[in-house]
file entry-v6.txt (compact mmCIF, C-alpha atoms (C1' of nucleotides))
# COMPACT_ATOMS: atom_id res chain seq x y z
CA MET A 1 144.61 200.84 9.31
CA LEU A 2 145.45 201.67 5.75
CA PHE A 3 143.86 198.53 4.34
CA SER A 4 141.14 196.16 5.51
CA THR A 5 141.35 192.43 5.78
CA LYS A 6 140.02 192.17 2.25
CA ALA A 7 143.51 192.95 1.02
CA GLU A 8 145.13 190.73 3.63
CA TYR A 9 142.97 187.70 2.91
CA GLY A 10 142.98 188.26 -0.83
CA VAL A 11 146.75 188.48 -1.02
CA ARG A 12 147.07 185.33 1.06
CA LEU A 13 144.69 183.61 -1.30
CA MET A 14 146.78 184.65 -4.27
CA VAL A 15 149.96 183.45 -2.60
CA GLU A 16 148.34 180.11 -1.91
CA LEU A 17 147.43 179.78 -5.58
CA GLY A 18 150.94 180.74 -6.54
CA ARG A 19 152.50 178.03 -4.42
CA GLN A 20 151.10 175.22 -6.60
CA PRO A 21 151.93 176.51 -10.04
CA ASP A 22 151.03 173.58 -12.27
CA SER A 23 148.92 171.13 -10.31
CA GLY A 24 145.53 172.09 -11.66
CA PRO A 25 142.96 174.33 -10.02
CA VAL A 26 143.01 174.77 -6.24
CA SER A 27 139.75 174.53 -4.37
CA LEU A 28 138.75 177.41 -2.15
CA SER A 29 138.10 175.13 0.78
CA SER A 30 141.68 173.93 0.78
CA VAL A 31 142.86 177.54 0.81
CA ALA A 32 140.45 178.38 3.60
CA GLU A 33 141.77 175.52 5.67
CA ALA A 34 145.43 176.23 5.01
CA GLU A 35 145.09 179.90 5.91
CA ARG A 36 142.39 179.43 8.53
CA LEU A 37 140.07 181.90 6.87
CA PRO A 38 136.27 181.76 6.58
CA LEU A 39 135.34 180.01 3.36
CA SER A 40 132.19 181.94 2.57
CA TYR A 41 133.99 185.23 2.95
CA LEU A 42 136.78 184.08 0.66
CA GLU A 43 134.17 183.37 -1.98
CA HIS A 44 133.33 187.06 -2.14
CA LEU A 45 136.96 188.06 -2.35
CA VAL A 46 137.88 185.57 -5.04
CA ALA A 47 134.92 186.78 -7.07
CA LYS A 48 136.51 190.23 -7.17
CA LEU A 49 139.80 188.74 -8.25
CA ARG A 50 138.07 186.79 -10.97
CA ARG A 51 136.19 189.82 -12.24
CA ALA A 52 139.50 191.67 -12.34
CA GLY A 53 140.94 188.91 -14.50
CA LEU A 54 143.58 187.85 -11.99
CA VAL A 55 142.36 184.30 -11.44
CA THR A 56 140.39 181.84 -13.55
CA SER A 57 137.83 179.42 -12.19
CA THR A 58 136.87 175.95 -13.30
CA ARG A 59 133.50 174.76 -12.08
CA GLY A 60 132.25 171.34 -11.21
CA ALA A 61 133.89 168.53 -9.29
CA HIS A 62 137.65 168.88 -8.87
CA GLY A 63 137.26 172.50 -9.85
CA GLY A 64 138.86 175.47 -8.20
CA TYR A 65 140.91 178.54 -9.02
CA SER A 66 144.19 179.13 -10.78
CA LEU A 67 146.27 182.21 -11.49
CA ALA A 68 145.36 183.78 -14.78
CA HIS A 69 148.96 184.90 -15.37
CA PRO A 70 152.40 183.79 -14.19
CA ALA A 71 153.14 185.00 -10.68
CA THR A 72 156.08 187.10 -11.86
CA GLU A 73 153.71 189.22 -13.94
CA ILE A 74 151.17 189.93 -11.21
CA THR A 75 151.86 193.06 -9.17
CA MET A 76 150.35 193.75 -5.80
CA LEU A 77 148.88 196.96 -7.16
CA GLU A 78 146.53 194.95 -9.36
CA VAL A 79 145.64 192.60 -6.54
CA VAL A 80 145.03 195.20 -3.88
CA GLU A 81 143.11 197.46 -6.23
CA ALA A 82 140.89 194.58 -7.29
CA LEU A 83 140.07 193.90 -3.64
CA GLU A 84 139.89 197.35 -2.10
CA GLY A 85 138.93 199.45 -5.10
CA GLN A 86 140.84 202.46 -6.35
CA ILE A 87 143.55 203.40 -3.91
CA ALA A 88 143.59 207.03 -2.92
CA PRO A 89 144.92 208.49 0.30
CA MET A 90 141.91 210.75 0.78
CA GLU A 91 138.31 211.04 -0.25
CA CYS A 92 138.80 214.32 -2.08
CA PHE A 93 141.75 212.95 -4.01
CA HIS A 94 141.00 211.40 -7.37
CA GLU A 95 143.03 210.74 -10.46
CA SER A 96 141.25 211.35 -13.68
CA PRO A 97 141.86 208.79 -16.45
CA GLU A 98 144.49 211.09 -17.94
CA GLY A 99 146.41 211.07 -14.68
CA LYS A 100 145.54 214.56 -13.51
CA VAL A 101 144.99 214.96 -9.80
CA LEU A 102 141.67 216.46 -8.83
CA CYS A 103 140.72 217.83 -5.45
CA SER A 104 137.21 218.78 -4.53
CA HIS A 105 138.38 221.23 -1.89
CA GLU A 106 140.33 223.30 -4.36
CA SER A 107 137.40 225.54 -5.16
CA ASN A 108 136.87 226.24 -1.48
CA SER A 109 139.45 228.95 -1.40
CA ASP A 110 141.56 231.27 -3.44
CA ARG A 111 144.65 229.36 -2.37
CA ALA A 112 146.15 226.15 -3.67
CA CYS A 113 144.91 223.02 -1.97
CA ALA A 114 147.27 222.74 0.96
CA THR A 115 147.11 219.01 1.35
CA LYS A 116 147.42 217.99 -2.28
CA LEU A 117 151.20 217.99 -2.12
CA LEU A 118 151.13 215.67 0.86
CA TRP A 119 148.62 213.17 -0.50
CA THR A 120 150.38 213.09 -3.83
CA ARG A 121 153.58 212.03 -2.11
CA VAL A 122 151.81 209.45 0.04
CA GLN A 123 150.02 207.92 -2.90
CA SER A 124 153.20 207.79 -4.87
CA GLY A 125 154.94 205.99 -2.02
CA VAL A 126 152.20 203.41 -1.72
CA ASN A 127 152.01 202.90 -5.45
CA ARG A 128 155.72 202.34 -5.72
CA ALA A 129 155.59 199.74 -2.97
CA LEU A 130 152.63 197.91 -4.50
CA LEU A 131 153.82 198.11 -8.06
CA GLY A 132 157.32 197.00 -7.11
CA THR A 133 156.17 193.84 -5.38
CA THR A 134 155.18 190.84 -7.47
CA LEU A 135 153.22 187.82 -6.39
CA ALA A 136 156.26 185.68 -7.17
CA GLU A 137 158.26 187.53 -4.52
CA LEU A 138 155.67 186.87 -1.85
CA VAL A 139 155.43 183.22 -2.83
CA GLU A 140 159.19 182.91 -2.54
CA PHE A 141 159.20 184.79 0.76
CA SER A 142 156.53 182.52 2.21
CA LYS A 143 158.59 179.39 1.69
CA PRO A 144 160.58 178.03 4.63
CA ALA A 145 164.13 179.35 4.51
CA GLY A 146 165.69 176.06 3.41
CA GLU A 147 163.42 175.82 0.43
CA ARG A 148 164.13 179.28 -0.94
CA ALA A 149 166.45 180.47 -3.67
CA LYS A 150 165.87 177.50 -5.91
CA GLY A 151 164.29 177.78 -9.31
CA GLU A 152 164.14 181.19 -10.94
CA PRO A 153 164.72 183.81 -8.28
CA ALA A 154 161.91 186.34 -7.99
CA LYS A 155 162.70 189.68 -9.59
CA ALA A 156 164.20 191.89 -6.89
CA ALA A 157 162.25 195.11 -6.76
CA ALA A 158 162.80 198.39 -4.98
CA PRO A 159 163.88 197.49 -1.45
CA ALA A 160 161.55 198.37 1.38
CA MET B 1 140.64 205.60 1.40
CA LEU B 2 143.91 205.33 3.19
CA PHE B 3 143.09 208.15 5.60
CA SER B 4 139.89 209.68 6.89
CA THR B 5 138.92 213.31 6.97
CA LYS B 6 140.46 213.57 10.40
CA ALA B 7 143.86 213.74 8.74
CA GLU B 8 142.62 216.02 5.99
CA TYR B 9 140.96 218.52 8.32
CA GLY B 10 143.72 218.33 10.88
CA VAL B 11 146.44 219.03 8.37
CA ARG B 12 144.46 221.94 7.01
CA LEU B 13 144.10 223.26 10.51
CA MET B 14 147.82 223.04 11.06
CA VAL B 15 148.51 224.80 7.77
CA GLU B 16 146.14 227.57 8.76
CA LEU B 17 148.00 228.03 12.03
CA GLY B 18 151.28 228.02 10.15
CA ARG B 19 150.20 230.83 7.86
CA GLN B 20 150.11 233.40 10.68
CA PRO B 21 153.38 232.69 12.43
CA ASP B 22 153.62 235.50 14.94
CA SER B 23 150.26 237.17 15.29
CA GLY B 24 149.13 235.54 18.49
CA PRO B 25 146.79 232.61 18.90
CA VAL B 26 144.31 231.85 16.12
CA SER B 27 140.72 231.09 17.09
CA LEU B 28 139.19 227.86 15.88
CA SER B 29 136.18 229.63 14.48
CA SER B 30 138.32 231.67 12.14
CA VAL B 31 139.95 228.48 10.90
CA ALA B 32 136.58 226.83 10.48
CA GLU B 33 135.35 229.71 8.40
CA ALA B 34 138.48 229.99 6.29
CA GLU B 35 138.51 226.29 5.47
CA ARG B 36 134.72 225.84 5.54
CA LEU B 37 134.93 223.03 8.04
CA PRO B 38 132.52 222.26 10.91
CA LEU B 39 133.71 224.03 14.04
CA SER B 40 132.59 221.49 16.59
CA TYR B 41 134.31 218.70 14.73
CA LEU B 42 137.51 220.71 14.56
CA GLU B 43 137.40 220.97 18.34
CA HIS B 44 137.85 217.22 18.61
CA LEU B 45 140.70 217.20 16.16
CA VAL B 46 142.59 220.07 17.71
CA ALA B 47 142.30 218.37 21.08
CA LYS B 48 144.27 215.46 19.69
CA LEU B 49 146.89 217.79 18.30
CA ARG B 50 147.15 219.51 21.65
CA ARG B 51 147.51 216.25 23.56
CA ALA B 52 150.26 215.28 21.11
CA GLY B 53 152.09 218.50 21.94
CA LEU B 54 151.83 219.92 18.43
CA VAL B 55 149.76 223.00 19.27
CA THR B 56 149.32 225.09 22.38
CA SER B 57 146.07 226.65 23.47
CA THR B 58 145.31 229.89 25.26
CA ARG B 59 141.87 230.07 26.79
CA GLY B 60 139.52 232.93 27.31
CA ALA B 61 138.61 235.82 25.06
CA HIS B 62 141.09 236.46 22.25
CA GLY B 63 142.37 232.97 22.90
CA GLY B 64 143.04 230.32 20.34
CA TYR B 65 145.70 227.95 19.16
CA SER B 66 149.30 228.34 18.04
CA LEU B 67 151.93 225.98 16.77
CA ALA B 68 154.01 224.55 19.59
CA HIS B 69 157.12 224.42 17.37
CA PRO B 70 158.34 226.17 14.23
CA ALA B 71 156.67 224.84 11.11
CA THR B 72 159.97 223.65 9.69
CA GLU B 73 160.34 221.24 12.58
CA ILE B 74 156.89 219.66 12.35
CA THR B 75 156.66 216.63 10.11
CA MET B 76 153.44 215.26 8.70
CA LEU B 77 154.17 211.94 10.35
CA GLU B 78 153.66 213.52 13.75
CA VAL B 79 150.53 215.31 12.64
CA VAL B 80 148.85 212.40 10.91
CA GLU B 81 149.75 209.98 13.68
CA ALA B 82 148.32 212.33 16.27
CA LEU B 83 145.06 212.44 14.35
CA GLU B 84 144.68 208.92 13.03
CA GLY B 85 146.61 206.97 15.61
CA GLN B 86 149.49 204.63 14.87
CA ILE B 87 149.79 204.13 11.15
CA ALA B 88 149.93 200.52 10.09
CA PRO B 89 148.90 199.13 6.73
CA MET B 90 147.07 196.21 8.31
CA GLU B 91 145.40 195.20 11.52
CA CYS B 92 147.81 192.33 12.16
CA PHE B 93 150.84 194.52 11.58
CA HIS B 94 152.33 196.16 14.65
CA GLU B 95 155.71 197.56 15.46
CA SER B 96 156.95 196.89 18.93
CA PRO B 97 158.72 199.77 20.70
CA GLU B 98 162.06 198.28 19.68
CA GLY B 99 161.08 198.44 16.03
CA LYS B 100 160.47 194.76 15.48
CA VAL B 101 157.58 193.87 13.24
CA LEU B 102 155.01 191.56 14.74
CA CYS B 103 152.32 189.72 12.87
CA SER B 104 149.54 187.89 14.59
CA HIS B 105 149.07 185.51 11.68
CA GLU B 106 152.60 184.21 11.84
CA SER B 107 151.73 181.44 14.25
CA ASN B 108 148.98 180.23 11.96
CA SER B 109 151.32 178.22 9.85
CA ASP B 110 154.75 176.72 9.55
CA ARG B 111 155.57 179.19 6.83
CA ALA B 112 156.72 182.79 7.01
CA CYS B 113 153.92 185.34 6.99
CA ALA B 114 153.38 185.84 3.27
CA THR B 115 152.12 189.37 3.47
CA LYS B 116 154.64 190.79 5.90
CA LEU B 117 157.08 191.69 3.14
CA LEU B 118 154.39 193.58 1.30
CA TRP B 119 153.07 195.55 4.26
CA THR B 120 156.56 196.39 5.38
CA ARG B 121 157.26 197.99 2.03
CA VAL B 122 153.97 199.85 2.00
CA GLN B 123 154.46 201.21 5.47
CA SER B 124 157.96 202.29 4.65
CA GLY B 125 156.72 204.13 1.58
CA VAL B 126 154.06 205.97 3.55
CA ASN B 127 156.45 206.77 6.36
CA ARG B 128 158.99 208.22 4.00
CA ALA B 129 156.38 210.43 2.42
CA LEU B 130 155.03 211.65 5.75
CA LEU B 131 158.39 212.08 7.41
CA GLY B 132 159.82 213.90 4.41
CA THR B 133 157.09 216.52 4.32
CA THR B 134 157.18 219.38 6.79
CA LEU B 135 154.39 221.73 7.71
CA ALA B 136 156.49 224.59 6.37
CA GLU B 137 156.41 223.02 2.92
CA LEU B 138 152.64 222.79 2.91
CA VAL B 139 152.31 226.36 4.15
CA GLU B 140 154.55 227.52 1.33
CA PHE B 141 152.68 225.39 -1.18
CA SER B 142 149.33 226.81 -0.11
CA LYS B 143 150.32 230.38 -0.86
CA PRO B 144 149.25 231.90 -4.18
CA ALA B 145 152.04 231.47 -6.70
CA GLY B 146 153.07 235.12 -6.67
CA GLU B 147 153.58 235.13 -2.94
CA ARG B 148 155.84 232.09 -2.82
CA ALA B 149 159.60 231.80 -2.61
CA LYS B 150 160.02 234.77 -0.35
CA GLY B 151 161.29 234.49 3.18
CA GLU B 152 163.18 231.38 4.15
CA PRO B 153 162.40 228.70 1.60
CA ALA B 154 160.95 225.52 3.02
CA LYS B 155 163.40 222.67 3.27
CA ALA B 156 163.09 220.62 0.11
CA ALA B 157 162.45 217.01 1.04
CA ALA B 158 162.35 213.80 -0.93
CA PRO B 159 160.39 214.56 -4.09
CA ALA B 160 157.07 212.82 -4.59
C1' DG C 1 121.79 159.20 -14.50
C1' DC C 2 122.79 160.54 -9.89
C1' DC C 3 125.43 162.43 -6.43
C1' DC C 4 128.43 165.43 -4.60
C1' DA C 5 132.10 168.68 -4.81
C1' DA C 6 132.82 172.88 -6.03
C1' DC C 7 131.80 177.39 -7.96
C1' DC C 8 128.34 181.22 -7.96
C1' DC C 9 125.10 184.78 -6.15
C1' DG C 10 122.37 187.80 -3.38
C1' DA C 11 120.35 188.91 0.94
C1' DC C 12 121.10 189.75 5.49
C1' DC C 13 123.29 191.03 10.00
C1' DA C 14 126.11 192.64 14.08
C1' DA C 15 129.76 195.50 15.26
C1' DT C 16 132.68 199.22 14.50
C1' DG C 17 134.22 203.62 13.24
C1' DC C 18 133.48 208.03 11.10
C1' DT C 19 131.44 212.58 10.91
C1' DC C 20 129.19 215.70 13.17
C1' DT C 21 125.89 217.98 16.77
C1' DA C 22 124.38 219.33 21.49
C1' DG C 23 124.99 221.13 25.68
C1' DG C 24 127.32 222.61 28.98
C1' DA C 25 131.53 224.05 32.06
C1' DT C 26 135.56 226.90 32.47
C1' DT C 27 138.69 230.59 31.55
C1' DT C 28 139.95 235.38 30.59
C1' DA C 29 140.14 240.17 28.11
C1' DG C 30 137.85 244.37 28.20
C1' DC D 1 129.84 241.32 34.19
C1' DT D 2 129.81 239.71 29.78
C1' DA D 3 131.23 238.01 25.64
C1' DA D 4 134.53 235.17 23.43
C1' DA D 5 136.87 231.51 23.41
C1' DT D 6 138.67 226.82 24.93
C1' DC D 7 137.37 222.40 26.91
C1' DC D 8 134.69 218.08 27.85
C1' DT D 9 131.26 214.34 27.46
C1' DA D 10 127.55 212.14 25.36
C1' DG D 11 125.58 210.78 21.87
C1' DA D 12 122.86 210.40 16.74
C1' DG D 13 123.09 208.95 12.09
C1' DC D 14 125.33 206.67 8.68
C1' DA D 15 128.54 203.71 5.92
C1' DT D 16 131.76 200.07 5.91
C1' DT D 17 133.58 195.84 7.45
C1' DG D 18 133.53 191.15 8.16
C1' DG D 19 131.10 187.92 8.10
C1' DT D 20 126.81 184.16 7.67
C1' DC D 21 123.11 181.84 5.31
C1' DG D 22 120.52 179.72 1.85
C1' DG D 23 120.10 178.56 -2.22
C1' DG D 24 121.40 178.12 -7.19
C1' DT D 25 124.45 175.97 -11.22
C1' DT D 26 128.06 173.11 -13.18
C1' DG D 27 130.34 169.06 -14.20
C1' DG D 28 133.36 164.74 -12.95
C1' DG D 29 133.06 160.09 -11.21
C1' DC D 30 130.35 156.10 -9.84
call {"tool": "encode", "arguments": {"input": "entry-v6.txt", "output": "structure tokens"}}
result
Amino acid sequence: MLFSTKAEYGVRLMVELGRQPDSGPVSLSSVAEAERLPLSYLEHLVAKLRRAGLVTSTRGAHGGYSLAHPATEITMLEVVEALEGQIAPMECFHESPEGKVLCSHESNSDRACATKLLWTRVQSGVNRALLGTTLAELVEFSKPAGERAKGEPAKAAAPA
Amino acid sequence: MLFSTKAEYGVRLMVELGRQPDSGPVSLSSVAEAERLPLSYLEHLVAKLRRAGLVTSTRGAHGGYSLAHPATEITMLEVVEALEGQIAPMECFHESPEGKVLCSHESNSDRACATKLLWTRVQSGVNRALLGTTLAELVEFSKPAGERAKGEPAKAAAPA
DNA sequence: GCCCAACCCGACCAATGCTCTAGGATTTAG
DNA sequence: CTAAATCCTAGAGCATTGGTCGGGTTGGGC
């Protein structure tokens, strides 16, 4: 598996928040029930999303979580990275802050790192998919067919 | 990490085999030394590649492994799948033999599976990258710059 | 002012998979 | 025959995953 359930559950959580745009904060327990996910595990995941600035929390009675930004401005790259950490296809494959690709195996040999070309392409493919998918699209997609295509249509991104 | 070292080591192994096209079988220990990888671990990996029909083995003294097909006809999708198993972005995401996408969460709710759109795009991005990269390209890429671009040039595939 | 819903936090735990080693059995060139 | 090599199975050691548990803290409603 490329990703763990952290990404799966976390994205579902975000979609659930995105479905009620302006009805105040949504409690975690209602999300847990709707998606049939363990509440106490969701607490850990939502904490990561909060620390990443993707959701805001309001404490106390009738509290809960809300999206920190409009769903059209939240890309899946942000969400998945907040949940799973930096996305790299391989352990030895890191991007420095300036965007250069580093590979710890490179010094192993006089030759160029054979796999760098491959992992670069894979990462680029994943990044394009994640960056080109907004939360708004998933919210729209999750609605029953009859309900779709009303309101502002989600920005169409690069097709699958 | 998207992939484990199984893919990394296995691809390196394949590249090493691809560098000596017609000089008989290559022993695992020479590969292990050249790439500084643990020999006994490589044995497990090469067994998977053999069972997948990607390499052939010749036993006994002066034995070793060779590519079962020309490097231009081996895609990284075959190699990585042989090593890591079926590639799916998420546990709940399977492709049936007819190519239909199944999702075990779909029955959880009256709504469409919110994450299916996302994982479909991710998988398609990864597949394109893996399918569009041949072993011959990596072999070429791994040569020192001066040595490249001689012989038949590797088929240029979809750029990163 | 209390209660309770809800967020918050850290410790813990079982299961799984990854990385790698050990030890041997089998095959074959020289 | 012997050395080199593939082949096979059985694990050890470790990190991660996917949770659970118990207890805080906050704040609205009665």
call {"tool": "residues_around", "arguments": {"input": "entry-v6.txt", "residues": "stretch 117-134 of chain B", "least_positions_apart": "3", "cutoff": "8 Å", "atoms": "all atoms listed in the file", "output": "mmCIF file with C-alpha atoms, in the coordinates of the input"}}
result
data_model
loop_
_atom_site.group_PDB
_atom_site.id
_atom_site.type_symbol
_atom_site.label_atom_id
_atom_site.label_comp_id
_atom_site.auth_asym_id
_atom_site.auth_seq_id
_atom_site.Cartn_x
_atom_site.Cartn_y
_atom_site.Cartn_z
ATOM 1 C CA LEU A 118 151.130 215.670 0.860
ATOM 2 C CA ARG A 121 153.580 212.030 -2.110
ATOM 3 C CA VAL A 122 151.810 209.450 0.040
ATOM 4 C CA GLN A 123 150.020 207.920 -2.900
ATOM 5 C CA GLY A 125 154.940 205.990 -2.020
ATOM 6 C CA VAL A 126 152.200 203.410 -1.720
ATOM 7 C CA ARG A 128 155.720 202.340 -5.720
ATOM 8 C CA ALA A 129 155.590 199.740 -2.970
ATOM 9 C CA LEU A 130 152.630 197.910 -4.500
ATOM 10 C CA THR A 133 156.170 193.840 -5.380
ATOM 11 C CA LEU A 138 155.670 186.870 -1.850
ATOM 12 C CA PHE A 141 159.200 184.790 0.760
ATOM 13 C CA PRO A 159 163.880 197.490 -1.450
ATOM 14 C CA ALA A 160 161.550 198.370 1.380
ATOM 15 C CA ALA B 71 156.670 224.840 11.110
ATOM 16 C CA THR B 72 159.970 223.650 9.690
ATOM 17 C CA GLU B 73 160.340 221.240 12.580
ATOM 18 C CA ILE B 74 156.890 219.660 12.350
ATOM 19 C CA THR B 75 156.660 216.630 10.110
ATOM 20 C CA MET B 76 153.440 215.260 8.700
ATOM 21 C CA LEU B 77 154.170 211.940 10.350
ATOM 22 C CA ILE B 87 149.790 204.130 11.150
ATOM 23 C CA ALA B 88 149.930 200.520 10.090
ATOM 24 C CA PRO B 89 148.900 199.130 6.730
ATOM 25 C CA MET B 90 147.070 196.210 8.310
ATOM 26 C CA PHE B 93 150.840 194.520 11.580
ATOM 27 C CA ALA B 114 153.380 185.840 3.270
ATOM 28 C CA GLU B 137 156.410 223.020 2.920
ATOM 29 C CA LEU B 138 152.640 222.790 2.910
ATOM 30 C CA LYS B 155 163.400 222.670 3.270
ATOM 31 C CA ALA B 157 162.450 217.010 1.040
ATOM 32 C CA ALA B 158 162.350 213.800 -0.930
ATOM 33 C CA ALA B 160 157.070 212.820 -4.590
#
call {"tool": "calpha_fit_and_write", "arguments": {"input": "entry-v6.txt", "fixed": "chain A", "moving": "chain B", "output": "short mmCIF file (atom, residue, chain, number, x, y, z; two decimals) with C-alpha atoms, in the frame of the given file"}}
result
data_model
loop_
_atom_site.label_atom_id
_atom_site.label_comp_id
_atom_site.auth_asym_id
_atom_site.auth_seq_id
_atom_site.Cartn_x
_atom_site.Cartn_y
_atom_site.Cartn_z
CA MET B 1 144.55 200.79 9.27
CA LEU B 2 145.44 201.65 5.75
CA PHE B 3 143.88 198.49 4.34
CA SER B 4 141.18 196.12 5.51
CA THR B 5 141.34 192.38 5.78
CA LYS B 6 140.04 192.15 2.24
CA ALA B 7 143.54 192.95 1.03
CA GLU B 8 145.16 190.73 3.62
CA TYR B 9 143.01 187.69 2.89
CA GLY B 10 143.04 188.27 -0.84
CA VAL B 11 146.80 188.49 -1.03
CA ARG B 12 147.10 185.34 1.04
CA LEU B 13 144.73 183.63 -1.32
CA MET B 14 146.81 184.67 -4.29
CA VAL B 15 149.99 183.46 -2.61
CA GLU B 16 148.36 180.13 -1.93
CA LEU B 17 147.44 179.79 -5.59
CA GLY B 18 150.96 180.77 -6.55
CA ARG B 19 152.50 178.03 -4.44
CA GLN B 20 151.08 175.24 -6.63
CA PRO B 21 151.90 176.52 -10.09
CA ASP B 22 150.98 173.61 -12.31
CA SER B 23 148.86 171.17 -10.37
CA GLY B 24 145.48 172.15 -11.69
CA PRO B 25 142.92 174.39 -10.06
CA VAL B 26 143.00 174.82 -6.28
CA SER B 27 139.72 174.60 -4.39
CA LEU B 28 138.76 177.48 -2.15
CA SER B 29 138.13 175.20 0.77
CA SER B 30 141.69 173.97 0.74
CA VAL B 31 142.90 177.57 0.79
CA ALA B 32 140.52 178.40 3.60
CA GLU B 33 141.83 175.54 5.66
CA ALA B 34 145.48 176.22 4.94
CA GLU B 35 145.20 179.89 5.86
CA ARG B 36 142.48 179.42 8.50
CA LEU B 37 140.21 181.93 6.86
CA PRO B 38 136.39 181.82 6.58
CA LEU B 39 135.43 180.07 3.36
CA SER B 40 132.29 182.01 2.58
CA TYR B 41 134.09 185.30 2.97
CA LEU B 42 136.85 184.13 0.66
CA GLU B 43 134.20 183.47 -1.97
CA HIS B 44 133.42 187.18 -2.11
CA LEU B 45 137.05 188.12 -2.36
CA VAL B 46 137.93 185.63 -5.06
CA ALA B 47 134.97 186.87 -7.08
CA LYS B 48 136.58 190.29 -7.19
CA LEU B 49 139.87 188.80 -8.26
CA ARG B 50 138.12 186.86 -10.98
CA ARG B 51 136.25 189.90 -12.27
CA ALA B 52 139.59 191.74 -12.36
CA GLY B 53 141.01 188.98 -14.54
CA LEU B 54 143.63 187.89 -12.01
CA VAL B 55 142.38 184.34 -11.46
CA THR B 56 140.40 181.91 -13.56
CA SER B 57 137.82 179.52 -12.22
CA THR B 58 136.83 176.03 -13.27
CA ARG B 59 133.48 174.89 -11.97
CA GLY B 60 132.21 171.52 -10.98
CA ALA B 61 133.86 168.73 -9.03
CA HIS B 62 137.64 168.98 -8.83
CA GLY B 63 137.22 172.59 -9.84
CA GLY B 64 138.83 175.57 -8.24
CA TYR B 65 140.89 178.61 -9.03
CA SER B 66 144.19 179.20 -10.79
CA LEU B 67 146.30 182.23 -11.49
CA ALA B 68 145.39 183.82 -14.81
CA HIS B 69 149.01 184.91 -15.39
CA PRO B 70 152.44 183.82 -14.19
CA ALA B 71 153.18 185.02 -10.68
CA THR B 72 156.11 187.10 -11.87
CA GLU B 73 153.77 189.22 -13.94
CA ILE B 74 151.23 189.95 -11.21
CA THR B 75 151.91 193.05 -9.17
CA MET B 76 150.40 193.76 -5.78
CA LEU B 77 148.95 196.97 -7.14
CA GLU B 78 146.61 194.98 -9.35
CA VAL B 79 145.69 192.62 -6.55
CA VAL B 80 145.07 195.21 -3.87
CA GLU B 81 143.17 197.48 -6.22
CA ALA B 82 140.96 194.61 -7.29
CA LEU B 83 140.12 193.93 -3.66
CA GLU B 84 139.95 197.37 -2.12
CA GLY B 85 138.99 199.46 -5.10
CA GLN B 86 140.89 202.47 -6.36
CA ILE B 87 143.57 203.40 -3.89
CA ALA B 88 143.55 207.03 -2.88
CA PRO B 89 144.87 208.47 0.36
CA MET B 90 141.83 210.70 0.80
CA GLU B 91 138.22 210.95 -0.21
CA CYS B 92 138.72 214.23 -2.07
CA PHE B 93 141.69 212.89 -3.99
CA HIS B 94 140.95 211.35 -7.36
CA GLU B 95 143.00 210.72 -10.44
CA SER B 96 141.25 211.31 -13.70
CA PRO B 97 141.90 208.77 -16.47
CA GLU B 98 144.51 211.10 -17.93
CA GLY B 99 146.43 211.08 -14.68
CA LYS B 100 145.53 214.55 -13.50
CA VAL B 101 144.93 214.95 -9.81
CA LEU B 102 141.60 216.42 -8.85
CA CYS B 103 140.65 217.75 -5.47
CA SER B 104 137.14 218.69 -4.57
CA HIS B 105 138.28 221.17 -1.94
CA GLU B 106 140.25 223.25 -4.40
CA SER B 107 137.32 225.48 -5.23
CA ASN B 108 136.77 226.22 -1.57
CA SER B 109 139.34 228.93 -1.51
CA ASP B 110 141.51 231.22 -3.55
CA ARG B 111 144.55 229.31 -2.43
CA ALA B 112 146.06 226.08 -3.71
CA CYS B 113 144.79 222.96 -1.99
CA ALA B 114 147.14 222.72 0.97
CA THR B 115 146.99 218.99 1.37
CA LYS B 116 147.34 217.97 -2.25
CA LEU B 117 151.13 217.95 -2.09
CA LEU B 118 151.04 215.68 0.91
CA TRP B 119 148.55 213.16 -0.46
CA THR B 120 150.33 213.06 -3.77
CA ARG B 121 153.52 212.02 -2.04
CA VAL B 122 151.76 209.45 0.10
CA GLN B 123 150.00 207.90 -2.84
CA SER B 124 153.19 207.77 -4.81
CA GLY B 125 154.93 206.00 -1.94
CA VAL B 126 152.20 203.40 -1.66
CA ASN B 127 152.04 202.91 -5.40
CA ARG B 128 155.75 202.35 -5.64
CA ALA B 129 155.62 199.75 -2.92
CA LEU B 130 152.67 197.92 -4.45
CA LEU B 131 153.88 198.13 -8.02
CA GLY B 132 157.38 197.01 -7.07
CA THR B 133 156.22 193.84 -5.35
CA THR B 134 155.24 190.85 -7.44
CA LEU B 135 153.27 187.83 -6.38
CA ALA B 136 156.30 185.70 -7.17
CA GLU B 137 158.28 187.54 -4.52
CA LEU B 138 155.69 186.87 -1.85
CA VAL B 139 155.45 183.22 -2.85
CA GLU B 140 159.21 182.91 -2.53
CA PHE B 141 159.19 184.78 0.76
CA SER B 142 156.52 182.51 2.21
CA LYS B 143 158.56 179.37 1.70
CA PRO B 144 160.52 177.98 4.65
CA ALA B 145 164.06 179.31 4.53
CA GLY B 146 165.60 176.02 3.43
CA GLU B 147 163.35 175.76 0.43
CA ARG B 148 164.07 179.22 -0.93
CA ALA B 149 166.39 180.37 -3.68
CA LYS B 150 165.80 177.37 -5.87
CA GLY B 151 164.13 177.59 -9.23
CA GLU B 152 163.99 180.94 -10.93
CA PRO B 153 164.60 183.60 -8.32
CA ALA B 154 161.88 186.19 -8.00
CA LYS B 155 162.68 189.50 -9.61
CA ALA B 156 164.19 191.73 -6.96
CA ALA B 157 162.24 194.97 -6.82
CA ALA B 158 162.79 198.24 -5.04
CA PRO B 159 163.85 197.36 -1.50
CA ALA B 160 161.54 198.31 1.34
#
call {"tool": "residues_around", "arguments": {"input": "entry-v6.txt", "residues": "stretch 15-25 of chain D", "least_positions_apart": "3", "cutoff": "9 Å", "atoms": "all atoms listed in the file", "output": "list in words"}}
result
Ser4, Thr5, Lys6, Pro38, Ser40 and Tyr41 of chain A; DC7, DC8, DC9, DA11, DC12, DC13, DA15, DT16, DG17 and DC18 of chain C
